[in-house]
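Some notes on the structure that comes next.
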Amino acid sequence: MSLLDQFEVQFNELSHGAITDGELSELQPVELAGIVNQEITRFQNQLSPSEKVETISIALSPHDHKRLAKFENLLVDGLENLLRKSGELKRIDSISQTTIKIIKDSNLETGVAKTVPVITFESPLETYIEETEIIEITQT
């Protein structure tokens with residue numbers, strides 16, 4: 001069973017399946033896990049050993065944010081667990097301490113999520129912080 005499948009099963013068990021109902025245009029928790037998984041793959045391919053991902057903010061439309069807000073702690077815990085397990089399996093040290101934040105973005109439409117990772121670059125001389133904005137459109 002893949003990590004995404006494990007996330008979906010665990011989330012449904014912990015939330016008692018309360019969130020899986022909804023319109024097709026609404027984001028589901030497993031789609032957020034898929035977006036995080038895409039970020040993990042991108043980090044694996046693009047980050048240097050001196051770069052670390054501090055946080056990944058997942059911006060949701062007002063409708064999706066309101067709908068998922070009561071499960072925010074459960075979602076954040078599950079997504080951070082997904083990050084840790086993927087990081088261990090893929091040997092990506094840069095995400096071992098990454099935190100997830102779920103925020104509302106009034107400019108997004110229902111079913112659209114945007115990720116904004118905060119990446120720090122550590123050199124012997126200075127530390128730099130870079131924010132990269134990636135827009136992910138997810139429709140089921």
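FYI, nothing fancy with the structure tokens labels: chains A, B, ... in order, residues from 1 per chain, ligands from 1 as they appear.
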Per residue of region 39-78 of chain A within 6 Å of region 93-108 of chain A, what are the shortest atom pair and its distance in Å to one decimal, counting only C-alpha atoms, with rows by chain and residue number, as JSON lines?
{"residue": "A:Lys52", "atom": "CA", "partner": "A:Ser94", "partner_atom": "CA", "distance": 4.3}
{"residue": "A:Val53", "atom": "CA", "partner": "A:Ile95", "partner_atom": "CA", "distance": 5.5}
{"residue": "A:Glu54", "atom": "CA", "partner": "A:Thr98", "partner_atom": "CA", "distance": 4.9}
{"residue": "A:Thr55", "atom": "CA", "partner": "A:Thr99", "partner_atom": "CA", "distance": 4.7}
{"residue": "A:Ile56", "atom": "CA", "partner": "A:Ile100", "partner_atom": "CA", "distance": 5.0}
{"residue": "A:Ser57", "atom": "CA", "partner": "A:Lys101", "partner_atom": "CA", "distance": 4.6}
{"residue": "A:Ile58", "atom": "CA", "partner": "A:Ile102", "partner_atom": "CA", "distance": 4.9}
{"residue": "A:Ala59", "atom": "CA", "partner": "A:Ile103", "partner_atom": "CA", "distance": 4.8}
{"residue": "A:Leu60", "atom": "CA", "partner": "A:Lys104", "partner_atom": "CA", "distance": 5.1}
{"residue": "A:Ser61", "atom": "CA", "partner": "A:Leu108", "partner_atom": "CA", "distance": 4.7}
{"residue": "A:Pro62", "atom": "CA", "partner": "A:Lys104", "partner_atom": "CA", "distance": 5.8}
{"residue": "A:His65", "atom": "CA", "partner": "A:Lys104", "partner_atom": "CA", "distance": 5.9}
{"residue": "A:Val76", "atom": "CA", "partner": "A:Ile100", "partner_atom": "CA", "distance": 5.9}
Could you dump the residues just selected with C-alpha atoms as a PDB file, in the first residue's frame?
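Saved file result_39.pdb follows:
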ATOM      1  CA  LYS A  52      16.169  22.868   3.796  1.00  0.00           C
ATOM      2  CA  VAL A  53      12.398  23.185   3.508  1.00  0.00           C
ATOM      3  CA  GLU A  54      11.162  25.006   6.614  1.00  0.00           C
ATOM      4  CA  THR A  55       7.419  25.071   5.889  1.00  0.00           C
ATOM      5  CA  ILE A  56       4.959  24.271   3.171  1.00  0.00           C
ATOM      6  CA  SER A  57       1.889  26.500   3.241  1.00  0.00           C
ATOM      7  CA  ILE A  58      -1.112  25.041   1.443  1.00  0.00           C
ATOM      8  CA  ALA A  59      -3.521  27.774   0.407  1.00  0.00           C
ATOM      9  CA  LEU A  60      -7.146  26.775  -0.129  1.00  0.00           C
ATOM     10  CA  SER A  61     -10.181  28.583  -1.468  1.00  0.00           C
ATOM     11  CA  PRO A  62     -12.489  30.052   1.188  1.00  0.00           C
ATOM     12  CA  HIS A  65     -10.807  26.006   3.802  1.00  0.00           C
ATOM     13  CA  VAL A  76      -1.593  18.767   9.255  1.00  0.00           C
TER      14      VAL A  76
END
Can you list, as a ChimeraX atom specification, all residues belonging to region 73-122 of chain A that DSSP tags as strand (DSSP E)? /A:99-104,112-122
Using only C-alpha atoms: which of A:Leu47, A:Leu75, A:Leu68, A:Leu89 has the shortest distance to Glu122 (chain A): A:Leu47
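The nearest approach to Glu51 (chain A) among the residues A:Ser2, A:Ile92, A:Arg67, A:Thr110, with only C-alpha atoms taken into account, belongs to A:Ile92.
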I need the residues of region 28-88 of chain A that end up classed as helix (DSSP H, G or I) by DSSP on the backbone, written out as number ranges by chain. A: 29-46, 62-88
Take the selection from the previous step and output its residues with N, CA and C atoms, as a CSV table (one decimal), in the first residue's frame.
chain,number,residue,atom,x,y,z
A,29,PRO,N,-9.0,15.4,1.2
A,29,PRO,CA,-7.8,15.3,1.9
A,29,PRO,C,-6.7,14.5,1.1
A,30,VAL,N,-7.1,13.5,0.4
A,30,VAL,CA,-6.1,12.7,-0.3
A,30,VAL,C,-5.5,13.5,-1.5
A,31,GLU,N,-6.3,14.5,-2.0
A,31,GLU,CA,-5.7,15.4,-3.0
A,31,GLU,C,-4.7,16.3,-2.5
A,32,LEU,N,-4.9,16.8,-1.2
A,32,LEU,CA,-3.8,17.6,-0.6
A,32,LEU,C,-2.6,16.7,-0.3
A,33,ALA,N,-2.8,15.5,0.0
A,33,ALA,CA,-1.6,14.6,0.2
A,33,ALA,C,-0.9,14.4,-1.2
A,34,GLY,N,-1.7,14.3,-2.2
A,34,GLY,CA,-1.1,14.2,-3.6
A,34,GLY,C,-0.2,15.5,-3.9
A,35,ILE,N,-0.7,16.6,-3.6
A,35,ILE,CA,0.0,17.9,-3.8
A,35,ILE,C,1.3,17.9,-3.0
A,36,VAL,N,1.2,17.5,-1.7
A,36,VAL,CA,2.4,17.4,-0.9
A,36,VAL,C,3.4,16.4,-1.5
A,37,ASN,N,2.9,15.3,-2.0
A,37,ASN,CA,3.7,14.3,-2.6
A,37,ASN,C,4.5,14.8,-3.9
A,38,GLN,N,3.7,15.7,-4.6
A,38,GLN,CA,4.4,16.3,-5.8
A,38,GLN,C,5.5,17.2,-5.4
A,39,GLU,N,5.3,17.9,-4.3
A,39,GLU,CA,6.3,18.8,-3.7
A,39,GLU,C,7.5,18.0,-3.3
A,40,ILE,N,7.3,16.9,-2.7
A,40,ILE,CA,8.4,16.0,-2.2
A,40,ILE,C,9.2,15.6,-3.4
A,41,THR,N,8.6,15.2,-4.5
A,41,THR,CA,9.3,14.8,-5.7
A,41,THR,C,10.1,16.0,-6.3
A,42,ARG,N,9.5,17.1,-6.3
A,42,ARG,CA,10.2,18.3,-6.7
A,42,ARG,C,11.4,18.6,-5.9
A,43,PHE,N,11.3,18.5,-4.6
A,43,PHE,CA,12.4,18.8,-3.6
A,43,PHE,C,13.5,17.8,-3.9
A,44,GLN,N,13.1,16.5,-4.1
A,44,GLN,CA,14.1,15.5,-4.3
A,44,GLN,C,14.9,15.8,-5.6
A,45,ASN,N,14.3,16.3,-6.6
A,45,ASN,CA,15.0,16.6,-7.9
A,45,ASN,C,15.7,17.9,-7.9
A,46,GLN,N,15.3,18.9,-7.1
A,46,GLN,CA,15.8,20.2,-7.3
A,46,GLN,C,16.6,20.8,-6.2
A,62,PRO,N,-11.7,29.9,0.0
A,62,PRO,CA,-12.5,30.1,1.2
A,62,PRO,C,-13.5,28.9,1.4
A,63,HIS,N,-14.1,28.4,0.4
A,63,HIS,CA,-15.0,27.3,0.5
A,63,HIS,C,-14.3,26.0,1.0
A,64,ASP,N,-13.2,25.6,0.4
A,64,ASP,CA,-12.5,24.4,0.8
A,64,ASP,C,-11.9,24.6,2.2
A,65,HIS,N,-11.4,25.8,2.5
A,65,HIS,CA,-10.8,26.0,3.8
A,65,HIS,C,-11.9,25.8,4.9
A,66,LYS,N,-13.0,26.4,4.7
A,66,LYS,CA,-14.1,26.3,5.7
A,66,LYS,C,-14.5,24.9,5.9
A,67,ARG,N,-14.6,24.2,4.8
A,67,ARG,CA,-15.1,22.8,4.8
A,67,ARG,C,-14.1,21.9,5.5
A,68,LEU,N,-12.8,22.1,5.3
A,68,LEU,CA,-11.7,21.3,5.9
A,68,LEU,C,-11.2,21.8,7.3
A,69,ALA,N,-11.6,23.0,7.7
A,69,ALA,CA,-11.1,23.6,8.9
A,69,ALA,C,-11.2,22.8,10.1
A,70,LYS,N,-12.4,22.1,10.3
A,70,LYS,CA,-12.6,21.3,11.5
A,70,LYS,C,-11.7,20.1,11.6
A,71,PHE,N,-11.0,19.8,10.5
A,71,PHE,CA,-10.1,18.7,10.4
A,71,PHE,C,-8.6,19.1,10.2
A,72,GLU,N,-8.4,20.4,10.4
A,72,GLU,CA,-7.1,21.0,10.1
A,72,GLU,C,-6.0,20.3,10.9
A,73,ASN,N,-6.1,20.1,12.2
A,73,ASN,CA,-5.1,19.4,13.0
A,73,ASN,C,-4.8,18.0,12.5
A,74,LEU,N,-5.9,17.3,12.2
A,74,LEU,CA,-5.8,15.9,11.7
A,74,LEU,C,-5.1,15.9,10.3
A,75,LEU,N,-5.4,16.9,9.5
A,75,LEU,CA,-4.8,17.0,8.1
A,75,LEU,C,-3.3,17.3,8.3
A,76,VAL,N,-3.0,18.3,9.1
A,76,VAL,CA,-1.6,18.8,9.3
A,76,VAL,C,-0.7,17.6,9.8
A,77,ASP,N,-1.3,16.9,10.8
A,77,ASP,CA,-0.5,15.8,11.4
A,77,ASP,C,-0.3,14.7,10.3
A,78,GLY,N,-1.3,14.4,9.6
A,78,GLY,CA,-1.2,13.4,8.6
A,78,GLY,C,-0.2,13.8,7.4
A,79,LEU,N,-0.3,15.0,7.0
A,79,LEU,CA,0.6,15.5,5.9
A,79,LEU,C,2.0,15.6,6.4
A,80,GLU,N,2.2,16.0,7.6
A,80,GLU,CA,3.6,16.0,8.1
A,80,GLU,C,4.2,14.6,8.3
A,81,ASN,N,3.3,13.7,8.7
A,81,ASN,CA,3.7,12.3,8.8
A,81,ASN,C,4.1,11.8,7.4
A,82,LEU,N,3.3,12.1,6.4
A,82,LEU,CA,3.6,11.7,5.0
A,82,LEU,C,5.0,12.3,4.6
A,83,LEU,N,5.2,13.5,5.0
A,83,LEU,CA,6.5,14.1,4.7
A,83,LEU,C,7.7,13.4,5.3
A,84,ARG,N,7.5,13.0,6.6
A,84,ARG,CA,8.6,12.3,7.3
A,84,ARG,C,8.9,10.9,6.7
A,85,LYS,N,7.8,10.2,6.5
A,85,LYS,CA,7.9,8.8,5.9
A,85,LYS,C,8.5,8.9,4.5
A,86,SER,N,8.1,9.8,3.7
A,86,SER,CA,8.6,9.9,2.3
A,86,SER,C,10.1,10.4,2.4
A,87,GLY,N,10.4,11.3,3.3
A,87,GLY,CA,11.8,11.7,3.4
A,87,GLY,C,12.7,10.6,3.8
A,88,GLU,N,12.2,9.8,4.7
A,88,GLU,CA,13.0,8.6,5.1
A,88,GLU,C,13.2,7.6,4.0
